[in-house]
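entry_10.pdb, holding PDB, C-alpha atoms, pLDDT in the B column:
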ATOM      1  CA  MET O  51     -19.770  54.347   3.006  1.00 87.00           C
ATOM      2  CA  GLU O  52     -16.749  56.624   3.198  1.00 85.00           C
ATOM      3  CA  PRO O  53     -14.075  56.294   4.378  1.00 89.00           C
ATOM      4  CA  THR O  54     -14.286  52.516   3.799  1.00 91.00           C
ATOM      5  CA  LEU O  55     -15.576  52.692   0.242  1.00 92.00           C
ATOM      6  CA  ARG O  56     -15.226  55.466  -2.286  1.00 90.00           C
ATOM      7  CA  GLU O  57     -17.181  56.357  -5.379  1.00 87.00           C
ATOM      8  CA  GLY O  58     -16.041  54.143  -8.262  1.00 89.00           C
ATOM      9  CA  ASP O  59     -14.552  51.300  -6.211  1.00 93.00           C
ATOM     10  CA  LEU O  60     -14.802  47.910  -7.928  1.00 94.00           C
ATOM     11  CA  LEU O  61     -15.917  45.300  -5.413  1.00 94.00           C
ATOM     12  CA  LEU O  62     -16.083  41.526  -5.408  1.00 93.00           C
ATOM     13  CA  ALA O  63     -19.241  40.220  -3.746  1.00 93.00           C
ATOM     14  CA  ARG O  64     -20.476  36.706  -3.146  1.00 92.00           C
ATOM     15  CA  ALA O  65     -24.122  36.317  -4.072  1.00 91.00           C
ATOM     16  CA  GLY O  66     -26.380  34.565  -1.624  1.00 86.00           C
ATOM     17  CA  ALA O  67     -23.769  34.300   1.134  1.00 84.00           C
ATOM     18  CA  ARG O  68     -25.321  34.244   4.595  1.00 88.00           C
ATOM     19  CA  PRO O  69     -25.054  37.745   6.106  1.00 92.00           C
ATOM     20  CA  ARG O  70     -22.416  38.071   8.798  1.00 91.00           C
ATOM     21  CA  ALA O  71     -22.126  40.765  11.418  1.00 93.00           C
ATOM     22  CA  GLY O  72     -19.457  43.300  10.527  1.00 93.00           C
ATOM     23  CA  ARG O  73     -19.353  42.512   6.833  1.00 94.00           C
ATOM     24  CA  ILE O  74     -20.415  44.871   4.078  1.00 95.00           C
ATOM     25  CA  ALA O  75     -23.327  43.584   2.036  1.00 96.00           C
ATOM     26  CA  VAL O  76     -25.159  44.398  -1.178  1.00 96.00           C
ATOM     27  CA  VAL O  77     -28.695  45.128  -0.009  1.00 96.00           C
ATOM     28  CA  ARG O  78     -32.099  46.056  -1.290  1.00 95.00           C
ATOM     29  CA  LEU O  79     -33.553  48.973   0.694  1.00 94.00           C
ATOM     30  CA  PRO O  80     -37.290  49.623   0.964  1.00 93.00           C
ATOM     31  CA  PRO O  81     -38.766  52.357  -1.287  1.00 89.00           C
ATOM     32  CA  ASP O  82     -38.551  55.950  -0.007  1.00 81.00           C
ATOM     33  CA  SER O  83     -41.462  57.831   1.574  1.00 75.00           C
ATOM     34  CA  ASP O  84     -42.755  58.768  -1.879  1.00 72.00           C
ATOM     35  CA  GLY O  85     -42.788  55.132  -2.939  1.00 77.00           C
ATOM     36  CA  MET O  86     -39.811  55.643  -5.225  1.00 78.00           C
ATOM     37  CA  PRO O  87     -37.392  52.716  -5.355  1.00 83.00           C
ATOM     38  CA  ARG O  88     -33.976  53.224  -3.820  1.00 87.00           C
ATOM     39  CA  PRO O  89     -30.910  52.084  -5.745  1.00 87.00           C
ATOM     40  CA  LEU O  90     -29.229  48.780  -4.930  1.00 91.00           C
ATOM     41  CA  SER O  91     -26.980  49.679  -2.030  1.00 94.00           C
ATOM     42  CA  VAL O  92     -23.935  48.753   0.005  1.00 95.00           C
ATOM     43  CA  LYS O  93     -24.325  48.796   3.795  1.00 95.00           C
ATOM     44  CA  ARG O  94     -22.583  47.218   6.747  1.00 95.00           C
ATOM     45  CA  VAL O  95     -24.485  44.384   8.439  1.00 95.00           C
ATOM     46  CA  THR O  96     -24.165  44.929  12.187  1.00 93.00           C
ATOM     47  CA  GLY O  97     -26.103  41.818  13.235  1.00 93.00           C
ATOM     48  CA  PRO O  98     -29.598  40.410  13.608  1.00 94.00           C
ATOM     49  CA  ASP O  99     -32.363  42.870  14.535  1.00 91.00           C
ATOM     50  CA  PRO O 100     -32.802  42.403  18.325  1.00 88.00           C
ATOM     51  CA  SER O 101     -36.585  42.738  18.012  1.00 90.00           C
ATOM     52  CA  ASP O 102     -36.807  40.225  15.151  1.00 94.00           C
ATOM     53  CA  PRO O 103     -33.773  37.931  14.844  1.00 93.00           C
ATOM     54  CA  SER O 104     -34.879  36.760  11.396  1.00 94.00           C
ATOM     55  CA  ARG O 105     -34.077  40.244  10.047  1.00 96.00           C
ATOM     56  CA  TRP O 106     -30.760  42.056   9.654  1.00 96.00           C
ATOM     57  CA  TRP O 107     -29.734  45.456  10.929  1.00 94.00           C
ATOM     58  CA  VAL O 108     -27.592  47.417   8.460  1.00 94.00           C
ATOM     59  CA  GLU O 109     -25.697  50.656   8.983  1.00 92.00           C
ATOM     60  CA  ARG O 110     -23.703  53.135   6.950  1.00 91.00           C
ATOM     61  CA  ASP O 111     -20.051  53.896   7.682  1.00 89.00           C
ATOM     62  CA  ASN O 112     -20.608  57.545   6.763  1.00 84.00           C
ATOM     63  CA  PRO O 113     -23.189  58.951   9.182  1.00 78.00           C
ATOM     64  CA  ARG O 114     -23.407  62.194   7.212  1.00 74.00           C
ATOM     65  CA  GLU O 115     -24.977  60.686   4.123  1.00 78.00           C
ATOM     66  CA  GLY O 116     -27.424  58.018   3.127  1.00 79.00           C
ATOM     67  CA  VAL O 117     -29.966  55.883   4.934  1.00 85.00           C
ATOM     68  CA  ASP O 118     -29.656  52.739   6.997  1.00 87.00           C
ATOM     69  CA  SER O 119     -31.661  50.690   9.492  1.00 90.00           C
ATOM     70  CA  TRP O 120     -31.848  53.652  11.853  1.00 85.00           C
ATOM     71  CA  LEU O 121     -34.086  55.275   9.227  1.00 85.00           C
ATOM     72  CA  VAL O 122     -35.704  52.371   7.387  1.00 90.00           C
ATOM     73  CA  GLY O 123     -35.600  49.575   9.967  1.00 92.00           C
ATOM     74  CA  SER O 124     -34.004  46.171   9.621  1.00 95.00           C
ATOM     75  CA  LEU O 125     -34.038  44.261   6.338  1.00 96.00           C
ATOM     76  CA  ALA O 126     -35.526  40.883   5.547  1.00 96.00           C
ATOM     77  CA  ALA O 127     -32.915  38.183   4.930  1.00 95.00           C
ATOM     78  CA  ARG O 128     -33.956  38.022   1.245  1.00 95.00           C
ATOM     79  CA  ASP O 129     -32.982  41.693   0.852  1.00 96.00           C
ATOM     80  CA  ILE O 130     -29.363  40.965   1.798  1.00 96.00           C
ATOM     81  CA  LEU O 131     -28.264  39.914  -1.677  1.00 95.00           C
ATOM     82  CA  GLY O 132     -24.598  39.219  -1.164  1.00 93.00           C
ATOM     83  CA  THR O 133     -21.528  39.802   0.950  1.00 94.00           C
ATOM     84  CA  VAL O 134     -18.772  42.098  -0.258  1.00 95.00           C
ATOM     85  CA  LEU O 135     -15.489  40.212   0.096  1.00 92.00           C
ATOM     86  CA  TRP O 136     -12.825  42.339  -1.516  1.00 94.00           C
ATOM     87  CA  ARG O 137     -12.150  45.619  -3.170  1.00 95.00           C
ATOM     88  CA  LEU O 138     -10.606  44.725  -6.513  1.00 93.00           C
ATOM     89  CA  TRP O 139      -9.680  48.240  -7.606  1.00 88.00           C
ATOM     90  CA  PRO O 140      -8.186  50.633  -6.578  1.00 92.00           C
ATOM     91  CA  ARG O 141      -6.273  49.613  -3.402  1.00 90.00           C
ATOM     92  CA  PRO O 142      -7.083  45.883  -3.786  1.00 94.00           C
ATOM     93  CA  GLY O 143      -7.595  43.916  -0.625  1.00 92.00           C
ATOM     94  CA  PRO O 144     -10.067  42.554   1.886  1.00 92.00           C
ATOM     95  CA  LEU O 145     -12.389  45.111   3.455  1.00 90.00           C
ATOM     96  CA  PRO O 146     -12.233  45.917   7.179  1.00 85.00           C
ATOM     97  CA  LYS O 147     -14.874  44.235   9.341  1.00 85.00           C
ATOM     98  CA  ALA O 148     -15.637  47.467  11.163  1.00 83.00           C
ATOM     99  CA  PRO O 149     -15.805  51.101  10.082  1.00 83.00           C
ATOM    100  CA  ALA O 150     -12.591  53.047  10.602  1.00 74.00           C
ATOM    101  CA  ALA O 151     -12.669  54.634  14.047  1.00 64.00           C
TER     102      ALA O 151
ATOM    103  CA  MET T  51     -29.522  40.371  -9.799  1.00 51.00           C
ATOM    104  CA  PHE T  52     -26.584  38.008  -9.676  1.00 51.00           C
ATOM    105  CA  ARG T  53     -27.684  35.776 -12.515  1.00 56.00           C
ATOM    106  CA  THR T  54     -24.373  36.371 -14.183  1.00 62.00           C
ATOM    107  CA  ARG T  55     -21.985  36.088 -11.299  1.00 65.00           C
ATOM    108  CA  PHE T  56     -19.181  38.164 -12.711  1.00 75.00           C
ATOM    109  CA  THR T  57     -21.084  40.953 -14.370  1.00 78.00           C
ATOM    110  CA  PRO T  58     -20.412  44.188 -12.465  1.00 83.00           C
ATOM    111  CA  VAL T  59     -23.557  45.737 -10.976  1.00 84.00           C
ATOM    112  CA  ALA T  60     -23.674  49.360  -9.817  1.00 86.00           C
ATOM    113  CA  VAL T  61     -24.393  49.741  -6.111  1.00 87.00           C
ATOM    114  CA  SER T  62     -24.873  52.985  -4.229  1.00 85.00           C
ATOM    115  CA  ALA T  63     -24.046  54.054  -0.714  1.00 81.00           C
ATOM    116  CA  HIS T  64     -26.635  56.844  -0.721  1.00 73.00           C
ATOM    117  CA  CYS T  65     -28.974  58.518  -3.156  1.00 63.00           C
ATOM    118  CA  ASP T  66     -29.371  61.942  -1.584  1.00 55.00           C
ATOM    119  CA  LEU T  67     -28.945  63.890   1.613  1.00 54.00           C
ATOM    120  CA  PRO T  68     -31.239  62.336   4.164  1.00 51.00           C
ATOM    121  CA  CYS T  69     -33.513  65.332   4.771  1.00 62.00           C
ATOM    122  CA  GLY T  70     -35.820  64.760   1.772  1.00 69.00           C
ATOM    123  CA  VAL T  71     -37.994  67.755   2.666  1.00 78.00           C
ATOM    124  CA  TYR T  72     -39.446  69.433  -0.416  1.00 87.00           C
ATOM    125  CA  ASP T  73     -42.345  71.838  -0.834  1.00 92.00           C
ATOM    126  CA  PRO T  74     -43.325  74.163  -3.701  1.00 96.00           C
ATOM    127  CA  ALA T  75     -44.574  76.558  -0.983  1.00 95.00           C
ATOM    128  CA  GLN T  76     -41.001  77.871  -0.750  1.00 94.00           C
ATOM    129  CA  ALA T  77     -41.123  79.117  -4.336  1.00 97.00           C
ATOM    130  CA  ARG T  78     -44.643  80.454  -3.796  1.00 97.00           C
ATOM    131  CA  ILE T  79     -43.678  82.583  -0.793  1.00 96.00           C
ATOM    132  CA  GLU T  80     -40.868  84.232  -2.766  1.00 97.00           C
ATOM    133  CA  ALA T  81     -43.203  84.845  -5.691  1.00 98.00           C
ATOM    134  CA  GLU T  82     -45.793  86.415  -3.357  1.00 97.00           C
ATOM    135  CA  SER T  83     -43.033  88.700  -2.137  1.00 97.00           C
ATOM    136  CA  ILE T  84     -42.247  89.713  -5.729  1.00 98.00           C
ATOM    137  CA  LYS T  85     -45.891  90.539  -6.341  1.00 98.00           C
ATOM    138  CA  ALA T  86     -46.043  92.639  -3.162  1.00 97.00           C
ATOM    139  CA  VAL T  87     -42.906  94.527  -4.199  1.00 97.00           C
ATOM    140  CA  CYS T  88     -44.509  95.372  -7.563  1.00 97.00           C
ATOM    141  CA  LYS T  89     -47.605  96.649  -5.789  1.00 96.00           C
ATOM    142  CA  LYS T  90     -45.637  98.822  -3.366  1.00 95.00           C
ATOM    143  CA  VAL T  91     -43.507 100.351  -6.134  1.00 95.00           C
ATOM    144  CA  ALA T  92     -46.604 101.307  -8.100  1.00 93.00           C
ATOM    145  CA  ASP T  93     -47.642 103.572  -5.216  1.00 90.00           C
ATOM    146  CA  ASN T  94     -44.223 105.048  -4.456  1.00 93.00           C
ATOM    147  CA  ASP T  95     -42.095 107.506  -6.413  1.00 92.00           C
ATOM    148  CA  ASP T  96     -39.188 107.666  -3.983  1.00 96.00           C
ATOM    149  CA  ALA T  97     -36.021 106.896  -5.959  1.00 95.00           C
ATOM    150  CA  ASP T  98     -34.250 105.110  -3.108  1.00 96.00           C
ATOM    151  CA  PHE T  99     -37.287 103.009  -2.359  1.00 96.00           C
ATOM    152  CA  ARG T 100     -37.520 101.970  -5.990  1.00 95.00           C
ATOM    153  CA  VAL T 101     -33.862 100.961  -6.083  1.00 96.00           C
ATOM    154  CA  ARG T 102     -34.277  98.845  -2.960  1.00 96.00           C
ATOM    155  CA  ALA T 103     -37.432  97.300  -4.369  1.00 96.00           C
ATOM    156  CA  ALA T 104     -35.623  96.379  -7.578  1.00 96.00           C
ATOM    157  CA  ILE T 105     -32.796  94.740  -5.653  1.00 97.00           C
ATOM    158  CA  ILE T 106     -35.177  92.752  -3.457  1.00 97.00           C
ATOM    159  CA  LYS T 107     -37.265  91.716  -6.441  1.00 97.00           C
ATOM    160  CA  GLU T 108     -34.108  90.523  -8.200  1.00 97.00           C
ATOM    161  CA  GLN T 109     -33.087  88.443  -5.172  1.00 97.00           C
ATOM    162  CA  ARG T 110     -36.530  86.934  -4.660  1.00 97.00           C
ATOM    163  CA  SER T 111     -36.777  86.047  -8.344  1.00 97.00           C
ATOM    164  CA  GLU T 112     -33.463  84.227  -8.069  1.00 96.00           C
ATOM    165  CA  LEU T 113     -34.784  82.344  -5.032  1.00 96.00           C
ATOM    166  CA  VAL T 114     -37.887  81.283  -6.963  1.00 97.00           C
ATOM    167  CA  LYS T 115     -35.624  79.841  -9.646  1.00 97.00           C
ATOM    168  CA  HIS T 116     -33.487  78.098  -7.051  1.00 95.00           C
ATOM    169  CA  HIS T 117     -36.434  76.457  -5.283  1.00 95.00           C
ATOM    170  CA  LEU T 118     -38.022  75.324  -8.543  1.00 97.00           C
ATOM    171  CA  TRP T 119     -34.732  73.893  -9.768  1.00 94.00           C
ATOM    172  CA  VAL T 120     -34.309  71.954  -6.526  1.00 90.00           C
ATOM    173  CA  LEU T 121     -37.743  70.402  -7.016  1.00 93.00           C
ATOM    174  CA  TRP T 122     -36.962  69.695 -10.634  1.00 93.00           C
ATOM    175  CA  THR T 123     -33.571  68.075 -10.106  1.00 86.00           C
ATOM    176  CA  ASP T 124     -33.914  66.545  -6.619  1.00 81.00           C
ATOM    177  CA  TYR T 125     -37.566  65.861  -5.887  1.00 86.00           C
ATOM    178  CA  PHE T 126     -39.186  64.874  -9.175  1.00 88.00           C
ATOM    179  CA  LYS T 127     -38.079  61.442 -10.399  1.00 82.00           C
ATOM    180  CA  PRO T 128     -38.328  59.785 -13.843  1.00 80.00           C
ATOM    181  CA  PRO T 129     -41.735  58.158 -13.086  1.00 82.00           C
ATOM    182  CA  HIS T 130     -43.118  61.622 -12.223  1.00 88.00           C
ATOM    183  CA  PHE T 131     -41.940  63.061 -15.548  1.00 90.00           C
ATOM    184  CA  GLU T 132     -43.472  60.075 -17.293  1.00 90.00           C
ATOM    185  CA  LYS T 133     -46.817  60.569 -15.578  1.00 92.00           C
ATOM    186  CA  PHE T 134     -46.833  64.364 -16.022  1.00 94.00           C
ATOM    187  CA  PRO T 135     -45.240  64.995 -19.424  1.00 95.00           C
ATOM    188  CA  GLU T 136     -45.792  68.767 -19.169  1.00 96.00           C
ATOM    189  CA  LEU T 137     -43.566  68.974 -16.083  1.00 96.00           C
ATOM    190  CA  HIS T 138     -40.278  69.768 -17.871  1.00 96.00           C
ATOM    191  CA  THR T 139     -41.854  72.546 -19.931  1.00 97.00           C
ATOM    192  CA  LEU T 140     -43.717  73.839 -16.909  1.00 97.00           C
ATOM    193  CA  VAL T 141     -40.541  74.207 -14.818  1.00 97.00           C
ATOM    194  CA  ASN T 142     -38.787  75.797 -17.797  1.00 97.00           C
ATOM    195  CA  GLU T 143     -41.591  78.323 -18.290  1.00 97.00           C
ATOM    196  CA  ALA T 144     -41.870  79.053 -14.574  1.00 98.00           C
ATOM    197  CA  THR T 145     -38.152  79.708 -14.138  1.00 97.00           C
ATOM    198  CA  LYS T 146     -38.178  81.897 -17.250  1.00 97.00           C
ATOM    199  CA  LEU T 147     -41.030  83.876 -15.690  1.00 98.00           C
ATOM    200  CA  ALA T 148     -38.755  84.464 -12.702  1.00 98.00           C
ATOM    201  CA  GLY T 149     -35.917  85.593 -14.968  1.00 97.00           C
ATOM    202  CA  ALA T 150     -35.012  88.643 -17.029  1.00 96.00           C
ATOM    203  CA  SER T 151     -37.954  88.111 -19.369  1.00 96.00           C
ATOM    204  CA  GLY T 152     -40.219  87.771 -16.321  1.00 97.00           C
ATOM    205  CA  THR T 153     -40.273  89.203 -12.827  1.00 98.00           C
ATOM    206  CA  LYS T 154     -36.614  90.291 -12.810  1.00 97.00           C
ATOM    207  CA  GLY T 155     -37.210  92.558 -15.783  1.00 96.00           C
ATOM    208  CA  SER T 156     -40.632  93.873 -14.888  1.00 96.00           C
ATOM    209  CA  PHE T 157     -42.592  95.652 -12.183  1.00 97.00           C
ATOM    210  CA  ASP T 158     -45.845  94.474 -13.725  1.00 97.00           C
ATOM    211  CA  GLU T 159     -48.011  92.685 -11.166  1.00 97.00           C
ATOM    212  CA  SER T 160     -49.579  90.552 -13.885  1.00 97.00           C
ATOM    213  CA  VAL T 161     -46.169  88.990 -14.618  1.00 98.00           C
ATOM    214  CA  ALA T 162     -45.932  88.007 -10.952  1.00 98.00           C
ATOM    215  CA  ASP T 163     -49.449  86.553 -11.247  1.00 98.00           C
ATOM    216  CA  ASP T 164     -48.376  84.498 -14.260  1.00 98.00           C
ATOM    217  CA  LEU T 165     -45.436  83.202 -12.235  1.00 98.00           C
ATOM    218  CA  LEU T 166     -47.703  82.341  -9.299  1.00 98.00           C
ATOM    219  CA  ALA T 167     -50.042  80.451 -11.638  1.00 98.00           C
ATOM    220  CA  LYS T 168     -47.154  78.341 -12.943  1.00 98.00           C
ATOM    221  CA  ILE T 169     -45.961  77.612  -9.406  1.00 98.00           C
ATOM    222  CA  ASP T 170     -49.513  76.610  -8.455  1.00 98.00           C
ATOM    223  CA  ARG T 171     -49.636  74.160 -11.344  1.00 97.00           C
ATOM    224  CA  ILE T 172     -46.300  72.673 -10.232  1.00 98.00           C
ATOM    225  CA  ALA T 173     -47.709  72.463  -6.690  1.00 97.00           C
ATOM    226  CA  GLU T 174     -50.744  70.557  -8.008  1.00 97.00           C
ATOM    227  CA  ILE T 175     -48.505  68.004  -9.683  1.00 96.00           C
ATOM    228  CA  PHE T 176     -46.384  67.846  -6.517  1.00 95.00           C
ATOM    229  CA  ALA T 177     -49.524  67.094  -4.475  1.00 93.00           C
ATOM    230  CA  GLU T 178     -50.504  64.393  -6.987  1.00 92.00           C
ATOM    231  CA  THR T 179     -47.131  62.684  -6.605  1.00 88.00           C
ATOM    232  CA  LYS T 180     -47.547  62.712  -2.815  1.00 84.00           C
ATOM    233  CA  LYS T 181     -50.906  60.928  -3.094  1.00 80.00           C
ATOM    234  CA  ALA T 182     -49.501  58.008  -5.062  1.00 58.00           C
TER     235      ALA T 182
END
Here is a file; write its structure as structure tokens.
Amino acid sequence: MEPTLREGDLLLARAGARPRAGRIAVVRLPPDSDGMPRPLSVKRVTGPDPSDPSRWWVERDNPREGVDSWLVGSLAARDILGTVLWRLWPRPGPLPKAPAA
Amino acid sequence: MFRTRFTPVAVSAHCDLPCGVYDPAQARIEAESIKAVCKKVADNDDADFRVRAAIIKEQRSELVKHHLWVLWTDYFKPPHFEKFPELHTLVNEATKLAGASGTKGSFDESVADDLLAKIDRIAEIFAETKKA
């Protein structure tokens, strides 16, 4: 999620908040192709999946690393576990609602 | 997950590079090359040829180690090691067989065969993990 988030950032998330387009969320990704679970992840919710509005499309700010809905499809609403509100440390403050251009 | 609302939970942005392409065949091809080098040297007394063969065998042995280490560190995950307890020892023995006490230090074809056998066993386990 660079450049928005960096390794070691301490974030404040609200559990169970309804996903909102543009916000970063704590999400559960589906297992990988070998059936191995993926770690709990942070991704940016870009909006409802156009082909199934009950599901959410998530993307990564750093296209060079990681997986997102382009690779694993949209996520069920129950897999969006919370919305990241603030970075507490370092550089405390609200997080941008879009990836840095 | 959020039972305790203010307990920090580790979240990741990515677990690996996205390619995720692994295959023990890479290590096998290099090991086959080592075996072929041993065979060719046995039939050739030319000093220059032997030096080149030694250099190539050294490089290919290093590549075998590299490919096996990639499988070991990047492909195989804790549940695999749990299911196949011999896996750690197997990778250790295989990479040793590609080292100074193995194909790097020897022109003996049988050492290359031993290495190939270890790689084949790793490939069997790899295939098993793909089935699951």
(request) Kindly provide, as a PyMOL selection string, the polymer residues lying within 9 Å of (-21.3, 40.1, 12.7), counting all atoms listed in the file and using the coordinates exactly as they appear in the file. (result) chain O and resi 69-73+95-98+147
Emit the selected residues as a PDB file, keeping the file's coordinate frame, including C-alpha atoms.
ATOM      1  CA  PRO O  69     -25.054  37.745   6.106  1.00 92.00           C
ATOM      2  CA  ARG O  70     -22.416  38.071   8.798  1.00 91.00           C
ATOM      3  CA  ALA O  71     -22.126  40.765  11.418  1.00 93.00           C
ATOM      4  CA  GLY O  72     -19.457  43.300  10.527  1.00 93.00           C
ATOM      5  CA  ARG O  73     -19.353  42.512   6.833  1.00 94.00           C
ATOM      6  CA  VAL O  95     -24.485  44.384   8.439  1.00 95.00           C
ATOM      7  CA  THR O  96     -24.165  44.929  12.187  1.00 93.00           C
ATOM      8  CA  GLY O  97     -26.103  41.818  13.235  1.00 93.00           C
ATOM      9  CA  PRO O  98     -29.598  40.410  13.608  1.00 94.00           C
ATOM     10  CA  LYS O 147     -14.874  44.235   9.341  1.00 85.00           C
TER      11      LYS O 147
END
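Among the candidates O:Ile130, O:Val77, O:Trp139, O:Asn112, the one nearest to Leu90 of chain O when counting all atoms listed in the file is O:Val77.
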(message) Starting from the PyMOL selection byres ((chain T and resi 121) around 10), expand the selection into actual residues of this file and give them as a PyMOL selection string.
(response) chain T and resi 72-74+77+116-120+122-127+141+172+176
(request) Do a neighbour search on Ala60 of chain T at 12 Å with all atoms listed in the file, toss out local chain neighbours closer than 3 positions, and write the hits as a list in words. (result) Glu57, Gly58, Asp59, Leu60, Leu61, Leu62, Ala63, Val76, Val77, Pro89, Leu90, Ser91 and Val92 of chain O; Met51, Phe52, Thr57 and Ala63 of chain T
Residues as selected, C-alpha atoms, written as a PDB file, in the frame of the given file, can you do that?
ATOM      1  CA  GLU O  57     -17.181  56.357  -5.379  1.00 87.00           C
ATOM      2  CA  GLY O  58     -16.041  54.143  -8.262  1.00 89.00           C
ATOM      3  CA  ASP O  59     -14.552  51.300  -6.211  1.00 93.00           C
ATOM      4  CA  LEU O  60     -14.802  47.910  -7.928  1.00 94.00           C
ATOM      5  CA  LEU O  61     -15.917  45.300  -5.413  1.00 94.00           C
ATOM      6  CA  LEU O  62     -16.083  41.526  -5.408  1.00 93.00           C
ATOM      7  CA  ALA O  63     -19.241  40.220  -3.746  1.00 93.00           C
ATOM      8  CA  VAL O  76     -25.159  44.398  -1.178  1.00 96.00           C
ATOM      9  CA  VAL O  77     -28.695  45.128  -0.009  1.00 96.00           C
ATOM     10  CA  PRO O  89     -30.910  52.084  -5.745  1.00 87.00           C
ATOM     11  CA  LEU O  90     -29.229  48.780  -4.930  1.00 91.00           C
ATOM     12  CA  SER O  91     -26.980  49.679  -2.030  1.00 94.00           C
ATOM     13  CA  VAL O  92     -23.935  48.753   0.005  1.00 95.00           C
TER      14      VAL O  92
ATOM     15  CA  MET T  51     -29.522  40.371  -9.799  1.00 51.00           C
ATOM     16  CA  PHE T  52     -26.584  38.008  -9.676  1.00 51.00           C
ATOM     17  CA  THR T  57     -21.084  40.953 -14.370  1.00 78.00           C
ATOM     18  CA  ALA T  63     -24.046  54.054  -0.714  1.00 81.00           C
TER      19      ALA T  63
END
(request) Just give me the gap between atom CA of Pro128 of chain T and atom CA of Ala144 of chain T in Å, one decimal is fine. (result) 19.6 Å
(message) Between T:His64, T:Arg171, T:Lys115, T:Arg110, which residue has the minimum interatomic distance to chain O, considering only C-alpha atoms?
(response) T:His64
(request) Taking the file above as input, evaluate the PyMOL selection byres ((chain O and resi 111) around 9) and report the hits as a PyMOL selection string. (result) chain O and resi 51-55+93-94+109-110+112-114+148-150
(message) One number please: atom CA of Leu147 of chain T to atom CA of Val114 of chain T, in Å, one decimal.
(response) 9.6 Å
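Picture a line from atom CA of Gly149 of chain T to atom CA of Lys133 of chain T; it runs 27.3 Å.
When the PyMOL selection byres ((chain O and resi 117) around 7) is run on the displayed coordinates, the residues it returns are Glu115, Gly116, Asp118 and Leu121 of chain O; His64 and Pro68 of chain T.
The nearest approach to chain T among the residues O:Val108, O:Val122, O:Leu145, O:Leu131, with all atoms listed in the file taken into account, belongs to O:Leu131.
Close contacts of Ser124 of chain O, defined as residues with an atom at most 8 Å away when counting only C-alpha atoms, with chain neighbours fewer than 5 positions off set aside, comprise Asp99, Arg105, Trp106, Trp107, Val108 and Ser119 of chain O.
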(request) Identify which of the residues O:Gly123, O:Pro80, O:Met86, O:Ser101 lies closest to chain T, counting only C-alpha atoms when measuring atom-to-atom distances. (result) O:Met86
(request) Name the residues in contact with segment 153-155 of chain T at a cut-off of 8 Å, using all atoms listed in the file, excluding same-chain residues fewer than 2 positions from it; report them as an MDAnalysis selection string. (result) chainID T and resid 84 107:108 111 147:151 157:158 161:162 165
Could you work out an axis-aligned box for segment 80-95 of chain O, taking every atom the file lists and adding 4 Å on each side, and report centre and edge lengths in Å to one decimal, as AutoDock Vina command-line options?
--center_x -32.7 --center_y 51.6 --center_z 1.3 --size_x 28.2 --size_y 22.4 --size_z 22.2
(request) Tell me which of T:Leu137, T:Phe56, T:Glu178, T:Val61 sits closest to chain O, counting only C-alpha atoms. (result)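 Between T:Leu137, T:Phe56, T:Glu178, T:Val61, the residue approaching chain O most closely is T:Val61.
Closest approach to Arg137 of chain O among O:Ser83, O:Arg56, O:Leu125, O:Ala67 is made by O:Arg56 (distances from all atoms listed in the file).
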